[in-house]
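The data block below is query-v3.cif; it holds mmCIF, C-alpha atoms and all ligand atoms.
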data_coords
loop_
_atom_site.label_atom_id
_atom_site.label_comp_id
_atom_site.auth_asym_id
_atom_site.auth_seq_id
_atom_site.Cartn_x
_atom_site.Cartn_y
_atom_site.Cartn_z
CA MET B 1 0.00 0.00 0.00
CA LEU B 2 1.61 3.21 -1.09
CA ILE B 3 -1.28 5.55 -0.50
CA ARG B 4 -2.11 6.04 3.11
CA ILE B 5 -4.99 8.32 4.01
CA PRO B 6 -4.23 10.06 7.31
CA LYS B 7 -6.82 9.44 9.93
CA ARG B 8 -8.70 12.40 11.36
CA TRP B 9 -6.61 12.44 14.55
CA GLU B 10 -3.34 12.35 12.68
CA ILE B 11 -3.83 15.87 11.32
CA PRO B 12 -0.83 17.82 12.63
CA GLU B 13 -1.79 19.70 15.75
CA ARG B 14 -0.84 23.02 14.27
CA HIS B 15 -3.67 22.64 11.75
CA ALA B 16 -6.31 22.26 14.40
CA THR B 17 -6.92 23.65 17.83
CA PRO B 18 -5.46 21.19 20.33
CA GLU B 19 -8.73 20.67 22.10
CA SER B 20 -10.68 19.86 18.93
CA ALA B 21 -7.88 17.56 17.80
CA TYR B 22 -8.02 15.21 20.72
CA LEU B 23 -11.77 15.55 21.29
CA SER B 24 -12.36 14.42 17.75
CA ARG B 25 -10.30 11.32 18.42
CA ARG B 26 -12.22 10.63 21.60
CA GLU B 27 -15.48 11.00 19.73
CA LEU B 28 -14.22 8.63 17.07
CA LEU B 29 -13.27 6.05 19.66
CA ALA B 30 -16.63 6.42 21.32
CA ALA B 31 -18.43 6.04 18.00
CA ALA B 32 -16.39 2.94 17.27
CA GLY B 33 -17.41 1.49 20.62
CA LEU B 34 -13.85 1.21 21.81
CA PHE B 35 -14.23 2.84 25.20
CA GLY B 36 -13.94 0.36 28.01
CA LEU B 37 -11.90 -2.22 26.11
CA THR B 38 -8.58 -3.29 27.54
CA GLY B 39 -5.83 -1.11 26.20
CA GLN B 40 -8.14 1.79 25.62
CA ALA B 41 -9.08 1.81 29.28
CA GLN B 42 -5.83 3.47 30.18
CA ALA B 43 -6.44 6.25 27.70
CA ALA B 44 -10.17 6.93 27.80
CA GLY B 45 -12.29 8.20 30.65
CA GLN B 46 -14.85 10.94 30.92
CA ARG B 47 -13.50 14.37 31.67
CA ASN B 48 -14.19 15.48 35.22
CA PRO B 49 -15.66 19.01 34.85
CA LYS B 50 -14.60 20.04 38.36
CA TYR B 51 -10.99 20.73 37.32
CA THR B 52 -10.87 23.67 34.94
CA LEU B 53 -8.04 25.67 33.43
CA ASP B 54 -7.41 29.43 33.30
CA ARG B 55 -5.49 29.07 30.02
CA PRO B 56 -5.63 27.08 26.77
CA VAL B 57 -4.66 23.42 26.73
CA THR B 58 -1.04 23.02 25.61
CA GLU B 59 -0.68 21.73 22.09
CA GLU B 60 -0.03 18.00 22.20
CA TRP B 61 3.15 18.10 20.14
CA ALA B 62 4.67 20.48 22.71
CA ALA B 63 3.70 18.50 25.83
CA THR B 64 4.99 15.29 24.27
CA GLY B 65 8.03 16.81 22.58
CA PHE B 66 9.70 18.78 25.38
CA ASN B 67 10.33 16.51 28.36
CA ASN B 68 12.37 16.08 31.48
CA PHE B 69 13.13 12.36 31.76
CA TYR B 70 16.80 12.15 32.65
CA GLU B 71 16.90 8.36 32.32
CA PHE B 72 16.70 8.94 28.55
CA ASP B 73 18.43 12.28 28.05
CA ALA B 74 19.73 14.49 30.85
CA GLN B 75 20.81 17.24 28.44
CA ASN B 76 18.22 17.76 25.77
CA LYS B 77 14.50 17.93 26.50
CA GLU B 78 13.61 17.81 22.83
CA ASN B 79 15.56 14.60 22.34
CA VAL B 80 13.87 12.47 25.02
CA LYS B 81 11.14 11.38 22.61
CA ASN B 82 13.76 10.17 20.12
CA ARG B 83 15.45 7.92 22.68
CA VAL B 84 12.56 5.99 24.22
CA GLY B 85 12.23 3.40 21.44
CA LYS B 86 13.83 0.50 23.32
CA PHE B 87 11.86 1.10 26.52
CA VAL B 88 9.45 -1.83 27.06
CA THR B 89 6.33 -0.59 28.88
CA HIS B 90 3.95 -3.53 28.37
CA PRO B 91 3.22 -5.70 30.26
CA TRP B 92 3.94 -3.68 33.43
CA GLU B 93 3.85 -4.54 37.10
CA PHE B 94 4.40 -2.40 40.14
CA GLU B 95 4.77 -3.36 43.76
CA VAL B 96 3.04 -1.69 46.69
CA SER B 97 4.69 -2.61 49.97
CA GLY B 98 5.81 -1.37 53.37
CA LEU B 99 3.38 -0.33 56.09
CA VAL B 100 0.18 -1.62 54.46
CA ALA B 101 -2.23 -4.37 55.50
CA LYS B 102 -2.40 -5.78 51.96
CA PRO B 103 0.96 -5.51 50.20
CA GLN B 104 0.69 -6.65 46.59
CA THR B 105 2.07 -6.52 43.08
CA PHE B 106 -0.33 -5.06 40.52
CA ASP B 107 -0.48 -5.92 36.84
CA LEU B 108 -1.37 -2.59 35.27
CA ASP B 109 -3.85 -3.96 32.69
CA ALA B 110 -5.74 -5.89 35.36
CA LEU B 111 -5.72 -2.94 37.76
CA LEU B 112 -7.09 -0.50 35.18
CA LYS B 113 -10.10 -2.69 34.55
CA LYS B 114 -11.30 -2.02 38.06
CA MET B 115 -10.25 1.56 38.70
CA PRO B 116 -12.48 4.65 38.25
CA ILE B 117 -10.68 6.17 35.25
CA GLU B 118 -11.35 9.80 34.46
CA GLU B 119 -9.75 12.66 32.56
CA ARG B 120 -8.61 15.89 34.23
CA LEU B 121 -7.20 19.14 32.90
CA TYR B 122 -4.33 20.26 35.14
CA ARG B 123 -1.69 22.96 35.05
CA PHE B 124 1.83 21.52 35.34
CA ARG B 125 4.76 23.66 36.49
CA CYS B 126 8.45 22.72 36.28
CA VAL B 127 10.93 24.33 38.68
CA GLU B 128 12.87 25.48 35.60
CA ALA B 129 10.00 27.98 35.20
CA TRP B 130 8.24 26.52 32.18
CA SER B 131 4.68 25.27 32.37
CA MET B 132 2.02 23.45 30.42
CA ALA B 133 -1.65 22.55 30.86
CA VAL B 134 -2.74 19.10 29.76
CA PRO B 135 -5.48 16.46 29.96
CA TRP B 136 -4.30 13.51 32.07
CA THR B 137 -6.19 10.22 32.31
CA GLY B 138 -5.98 8.23 35.50
CA PHE B 139 -7.44 7.71 38.93
CA GLN B 140 -6.99 9.29 42.34
CA PHE B 141 -4.05 7.82 44.19
CA ASN B 142 -6.30 7.39 47.23
CA GLU B 143 -8.25 4.74 45.27
CA LEU B 144 -5.07 2.65 45.19
CA MET B 145 -4.62 3.29 48.92
CA LYS B 146 -8.04 1.71 49.53
CA LEU B 147 -6.80 -1.50 47.90
CA VAL B 148 -3.64 -1.81 50.01
CA GLU B 149 -4.93 -0.34 53.31
CA PRO B 150 -2.06 1.72 54.77
CA LYS B 151 -1.45 1.14 58.47
CA PRO B 152 -1.73 4.06 60.91
CA GLU B 153 2.09 4.14 61.25
CA ALA B 154 2.44 4.93 57.52
CA LYS B 155 3.16 8.66 57.37
CA PHE B 156 4.93 8.95 53.99
CA VAL B 157 4.92 7.26 50.58
CA ARG B 158 8.06 6.54 48.61
CA PHE B 159 8.02 5.98 44.82
CA VAL B 160 10.68 4.42 42.58
CA THR B 161 11.10 4.53 38.78
CA ALA B 162 12.16 1.58 36.63
CA SER B 163 15.92 1.11 36.33
CA ARG B 164 16.81 -0.33 32.92
CA PRO B 165 20.15 1.02 31.71
CA ASP B 166 19.93 -1.14 28.58
CA GLU B 167 16.74 0.63 27.57
CA MET B 168 17.50 4.04 29.08
CA PRO B 169 20.58 5.64 27.49
CA GLY B 170 20.55 8.66 29.81
CA MET B 171 21.18 6.39 32.81
CA ARG B 172 24.41 5.17 31.24
CA GLU B 173 25.55 8.64 30.16
CA ALA B 174 24.67 10.48 33.37
CA HIS B 175 26.02 7.66 35.53
CA TRP B 176 26.84 9.93 38.49
CA TYR B 177 23.18 10.35 39.45
CA PRO B 178 21.85 8.14 42.26
CA TRP B 179 19.64 5.97 40.02
CA PRO B 180 16.93 4.80 40.06
CA TYR B 181 14.88 8.02 40.31
CA PHE B 182 12.90 8.16 43.56
CA GLU B 183 10.41 10.56 45.11
CA GLY B 184 8.17 10.92 48.12
CA LEU B 185 5.00 12.48 49.50
CA ARG B 186 3.44 12.77 52.90
CA VAL B 187 0.54 10.30 53.18
CA ASP B 188 -2.06 13.08 53.43
CA GLU B 189 -0.62 14.74 50.31
CA ALA B 190 -0.79 11.41 48.49
CA ALA B 191 -4.41 11.00 49.62
CA ASN B 192 -5.44 14.50 48.46
CA GLU B 193 -8.09 14.46 45.76
CA LEU B 194 -5.74 16.19 43.29
CA THR B 195 -3.06 13.49 43.45
CA LEU B 196 -3.45 11.27 40.40
CA LEU B 197 -1.88 8.06 39.25
CA THR B 198 -2.03 8.55 35.48
CA THR B 199 -1.84 6.25 32.49
CA GLY B 200 -3.01 8.52 29.68
CA LEU B 201 -2.48 11.92 28.08
CA TYR B 202 -4.70 13.60 25.46
CA GLY B 203 -7.08 10.64 25.54
CA LYS B 204 -4.34 8.19 24.49
CA PRO B 205 -2.02 5.91 26.43
CA LEU B 206 0.76 7.86 28.15
CA PRO B 207 3.66 8.39 25.70
CA LYS B 208 6.93 6.85 26.90
CA GLN B 209 8.59 10.25 27.12
CA ASN B 210 5.84 11.39 29.51
CA GLY B 211 6.35 8.44 31.88
CA ALA B 212 4.59 5.42 30.40
CA PRO B 213 2.89 3.35 31.42
CA VAL B 214 2.11 4.81 34.87
CA ARG B 215 3.26 8.02 36.59
CA MET B 216 2.24 10.31 39.41
CA VAL B 217 0.80 13.78 38.82
CA VAL B 218 0.93 16.16 41.79
CA PRO B 219 -0.14 19.46 40.21
CA TRP B 220 0.52 21.86 43.11
CA LYS B 221 4.18 20.82 43.35
CA TYR B 222 7.11 21.36 41.00
CA GLY B 223 7.26 18.83 38.19
CA TYR B 224 10.07 16.71 39.63
CA LYS B 225 7.68 15.44 42.32
CA SER B 226 5.58 13.82 39.54
CA ILE B 227 7.67 10.67 39.17
CA LYS B 228 7.49 8.67 35.93
CA SER B 229 7.39 4.97 34.98
CA ILE B 230 6.79 3.70 38.51
CA VAL B 231 7.76 0.16 39.59
CA LYS B 232 7.58 0.49 43.35
CA ILE B 233 5.45 2.32 45.92
CA GLU B 234 6.33 1.92 49.57
CA PHE B 235 4.48 3.23 52.63
CA VAL B 236 6.96 4.27 55.31
CA ALA B 237 7.07 5.89 58.75
CA ARG B 238 9.87 8.43 58.15
CA GLN B 239 10.19 11.20 55.57
CA PRO B 240 12.04 9.56 52.67
CA GLN B 241 14.97 10.96 50.74
CA THR B 242 14.23 12.17 47.20
CA PHE B 243 16.40 12.04 44.08
CA TRP B 244 16.84 15.81 43.64
CA ASN B 245 17.06 16.55 47.34
CA LYS B 246 19.89 14.05 47.64
CA GLN B 247 21.73 15.69 44.72
CA GLN B 248 21.25 19.33 45.71
CA PRO B 249 19.52 19.72 49.08
CA ALA B 250 19.80 23.52 48.98
CA GLU B 251 17.87 23.66 45.72
CA TYR B 252 15.20 20.95 46.02
CA GLY B 253 13.23 20.51 49.21
CA PHE B 254 11.03 17.58 50.10
CA TYR B 255 7.79 19.57 49.87
CA SER B 256 8.53 21.65 46.77
CA ASN B 257 5.11 23.27 46.59
CA VAL B 258 4.87 25.82 43.78
CA ASN B 259 5.52 29.16 45.44
CA PRO B 260 6.04 32.37 43.42
CA LYS B 261 7.49 34.11 46.48
CA LYS B 262 10.22 31.60 47.17
CA PRO B 263 12.96 31.81 44.53
CA HIS B 264 15.07 28.82 43.60
CA PRO B 265 18.79 29.73 43.66
CA ARG B 266 18.86 29.62 39.86
CA TRP B 267 15.32 30.53 38.82
CA SER B 268 13.00 33.20 40.18
CA GLN B 269 9.65 31.48 40.57
CA ALA B 270 7.54 34.63 40.22
CA VAL B 271 6.73 34.07 36.55
CA GLU B 272 6.57 31.07 34.28
CA LYS B 273 6.97 30.58 30.54
CA VAL B 274 4.14 28.71 28.88
CA ILE B 275 5.35 26.12 26.38
CA PRO B 276 5.59 26.25 23.39
CA THR B 277 5.26 30.04 22.93
CA MET B 278 7.22 30.85 26.12
CA GLU B 279 4.69 33.58 26.85
CA ARG B 280 5.22 34.80 30.42
CA ARG B 281 2.51 34.42 33.06
CA PRO B 282 2.57 35.13 36.79
CA THR B 283 2.93 31.94 38.82
CA LEU B 284 0.15 31.20 41.28
CA PRO B 285 0.62 29.95 44.87
CA TYR B 286 0.33 26.15 44.90
CA ASN B 287 0.17 26.46 41.10
CA GLY B 288 -3.42 27.73 41.45
CA TYR B 289 -4.58 24.80 43.61
CA GLU B 290 -4.61 26.63 46.95
CA GLU B 291 -8.27 25.88 47.67
CA PHE B 292 -7.56 22.14 47.45
CA VAL B 293 -4.27 21.91 49.32
CA ALA B 294 -3.59 24.93 51.57
CA SER B 295 -5.22 23.12 54.52
CA LEU B 296 -2.55 20.40 54.29
CA TYR B 297 0.00 22.94 55.46
CA ASN B 298 -1.95 24.93 58.09
CA GLY B 299 -0.81 28.24 56.68
CA ARG B 300 2.84 27.27 56.91
CA GLU B 301 4.92 27.58 53.78
CA PHE B 302 7.04 24.79 52.39
N1 LIG W 401 11.75 9.08 36.58
C1 LIG W 401 11.73 10.38 36.33
N2 LIG W 401 10.62 11.09 36.62
C2 LIG W 401 10.58 12.42 36.35
C3 LIG W 401 11.71 13.09 35.81
C4 LIG W 401 12.88 12.31 35.51
O1 LIG W 401 13.90 12.82 35.02
N3 LIG W 401 12.83 10.96 35.77
N4 LIG W 401 11.67 14.46 35.61
C5 LIG W 401 10.71 15.23 36.40
C6 LIG W 401 10.61 16.62 36.01
S1 LIG W 401 11.87 17.64 36.45
C7 LIG W 401 9.50 17.11 35.36
S2 LIG W 401 9.33 18.77 35.05
C8 LIG W 401 8.45 16.19 34.87
C9 LIG W 401 8.28 16.36 33.37
O2 LIG W 401 7.15 15.66 32.91
P1 LIG W 401 6.74 15.75 31.37
O3 LIG W 401 7.92 15.35 30.56
O4 LIG W 401 5.59 14.82 31.21
O5 LIG W 401 6.36 17.19 31.11
O6 LIG W 401 8.72 14.81 35.13
C10 LIG W 401 9.32 14.55 36.39
N5 LIG W 401 9.43 13.12 36.61
MO MO W 402 11.06 19.77 36.19
#

How does this structure look as C-alpha cells?
Amino acid sequence: MLIRIPKRWEIPERHATPESAYLSRRELLAAAGLFGLTGQAQAAGQRNPKYTLDRPVTEEWAATGFNNFYEFDAQNKENVKNRVGKFVTHPWEFEVSGLVAKPQTFDLDALLKKMPIEERLYRFRCVEAWSMAVPWTGFQFNELMKLVEPKPEAKFVRFVTASRPDEMPGMREAHWYPWPYFEGLRVDEAANELTLLTTGLYGKPLPKQNGAPVRMVVPWKYGYKSIKSIVKIEFVARQPQTFWNKQQPAEYGFYSNVNPKKPHPRWSQAVEKVIPTMERRPTLPYNGYEEFVASLYNGREF
C-alpha cells in the first residue's frame, strides 16, 4: 500500500486547535465502541468538569516533545522522545509494599479494569520555570490506597522509577546520578483528591517520554515530584529521601510546593513561561490549587 490516508486524529496539531484535535479522536473512539476495552481503558475516561483551566490546553506536540526524563536524556528535553524506542512498557507490574495491610504486586492492565478512570485538565509547572496545561487520564491515588490499606504508622509514601540502563541511554551517560529516580510524598498529600496516578495523556495511552505506562501527577508541586514509569510504591514511617534533594539539598526541598514568592537559587519562581510560545505568566501559589491543598500545610509555607 503506497497511498495512506491520514486518519482524522493524525492531522498535525498546528492545523487544528489542540482541544478539537483530541476531542475528535475521543469522539471517534466512542463512535467505534472502543471505550472500556482493555488497552483503551488506560487512555479513555470521561473528563471530570470540576478541574478547569485558566489558560488554553497546551498543544499536544509540545507537551509530548519537550520533556524532562533524565533516564533517557539528561541534556536535551527535545531529544527524550527520540530515545525511548527500546523502553518496554507492556506488560507492566508495580509493587506496593511497606506499612500496608495488603501488600501486593499489581499488573497494570488488570488494575485499570477495576479503577475509576477519568480525565482531568491540570496545570503543570516545572521548577525550571516553564509550564504546560494538559489532559491527564488516570485515577486518584487514594483509590489505590483503599486497595492496600495503609497502616496508621504509615506517614509517607516513597516511589521508585524503573531502572533499565539497557533501555534508558541517559542512565548510562549520566552515571553519576543516584539511580533509580525516587520521590516521596506525605501520606495526606498522596491522599489528596488532586493526586493522580495517570496512564493517559490527550485521551491516548501515556507516551513513553511522559512516563509510560504509569506516573504520578501532583499538580501543586514542582514537576520533579511527579515521578514517571513507577515500579515500586512503599508506605513508610519516616520522611524519605528524594532524588533531587539528595543531589542538591539547597535547591530541592522535600515539599517543593509551587511558590512564586520563594525563589530557587537559579530561577526566580515569580513568573513562568508557557510552552511552546514561552509567553510569560505570573505563577500562582500552589500552582493555582490553593483551595484544594492549603489546609494540608496549616498556613505554613514549604
Ligand atoms: N523518573 C523520572 N521522573 C521524572 C523526571 C525524571 O527525570 N525521571 N523528571 C521530572 C521533572 S523535572 C519534570 S518537570 C516532569 C516532566 O514531565 P513531562 O515530561 O511529562 O512534562 O517529570 C518529572 N518526573
Ligand atoms: Mo522539572

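With all atoms listed in the file as the atoms that count, the minimum distance from Ala191 of chain B to the choices B:Arg120, B:Arg215, B:Lys221, B:Lys146 is reached by B:Lys146.
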
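With distances taken over only C-alpha atoms and all ligand atoms, B:Leu206 is the one residue among B:Leu206, B:Leu108, B:Ile117, B:Leu196 lying closest to ligand LIG 401 (chain W).
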
Using all atoms listed in the file, tabulate the residues of chain B lying at most 6 Å from any atom of ligand LIG 401 (chain W), each with its closest atom pair and that distance in Å to one decimal, by chain and increasing residue number, as a tab-separated table.
residue	atom	partner	partner_atom	distance
B:Asn67	CA	W:LIG401	O3	3.5
B:Asn68	CA	W:LIG401	N4	4.5
B:Phe69	CA	W:LIG401	O1	3.4
B:Tyr70	CA	W:LIG401	O1	3.8
B:Glu71	CA	W:LIG401	N3	5.9
B:Cys126	CA	W:LIG401	S2	4.2
B:Thr161	CA	W:LIG401	N1	5.1
B:Tyr181	CA	W:LIG401	N1	5.0
B:Asn210	CA	W:LIG401	O4	3.8
B:Gly223	CA	W:LIG401	S2	3.8
B:Tyr224	CA	W:LIG401	C5	3.6
B:Ser226	CA	W:LIG401	N5	4.9
B:Ile227	CA	W:LIG401	N2	3.9
B:Lys228	CA	W:LIG401	N2	4.0

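Nearest to Glu234 of chain B of all the residues B:His264, B:Lys155, B:Lys50, B:Lys113 is B:Lys155, counting all atoms listed in the file.
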
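Going from atom CA of Val160 of chain B over to atom CA of Thr137 of chain B, you cover 20.6 Å.
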
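Considering only C-alpha atoms, the residue among B:Val293, B:Val100, B:Val80, B:Leu111 positioned nearest to Phe139 of chain B is B:Leu111.
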
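Interatomic distance, atom CA of Thr199 of chain B to atom CA of Leu144 of chain B: 13.6 Å.
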
* To do: List the neighbours of segment 128-132 of chain B out to 10 Å using only C-alpha atoms; skip same-chain residues closer than 3 positions along the sequence, and give me the result as an MDAnalysis selection string.
  => chainID B and resid 55:59 62:63 122:125 222:223 264 266:276 278:281 283 287

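Ranking B:Val96, B:Val157, B:Val127, B:Ala212 by their shortest atom-to-atom distance to Thr64 of chain B, with all atoms listed in the file included, puts B:Ala212 first.
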
* Atom pair atom CA of Leu185 of chain B / atom CA of Arg158 of chain B: separation (Å) -> 6.7 Å

* To do: Please identify all polymer residues within 12 Å of Tyr297 of chain B, counting only C-alpha atoms, omitting same-chain residues fewer than 2 positions from it, and present them as a ChimeraX atom specification.
  => /B:186,188-189,255,257,286,290-295,299-302

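Of the listed residues (B:Gly85, B:Pro265, B:Arg238, B:Asp166), B:Pro265 comes nearest to Glu251 of chain B; the distances count all atoms listed in the file.
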
Around all the atoms of segment 246-263 of chain B listed in the file, draw an axis-aligned box and extend it by 5 Å on each of the six sides; I want its centre and edge lengths in Å to one decimal, as lines of an AutoDock Vina configuration file.
center_x = 13.3
center_y = 24.1
center_z = 46.8
size_x = 26.9
size_y = 30.1
size_z = 16.7

* Long-range neighbours of Phe141 of chain B as an NGL selection string, 9 Å cut-off, all atoms listed in the file, 2 positions minimum in chain -> :B and (138-139 or 143-145 or 190-198 or 216)

* Identify the residues around (17.6, 9.1, 23.3) within a radius of 8 Å, measuring from all atoms listed in the file in the coordinates stated by the file, and give them as a ChimeraX atom specification. => /B:72-73,79-84,168-170
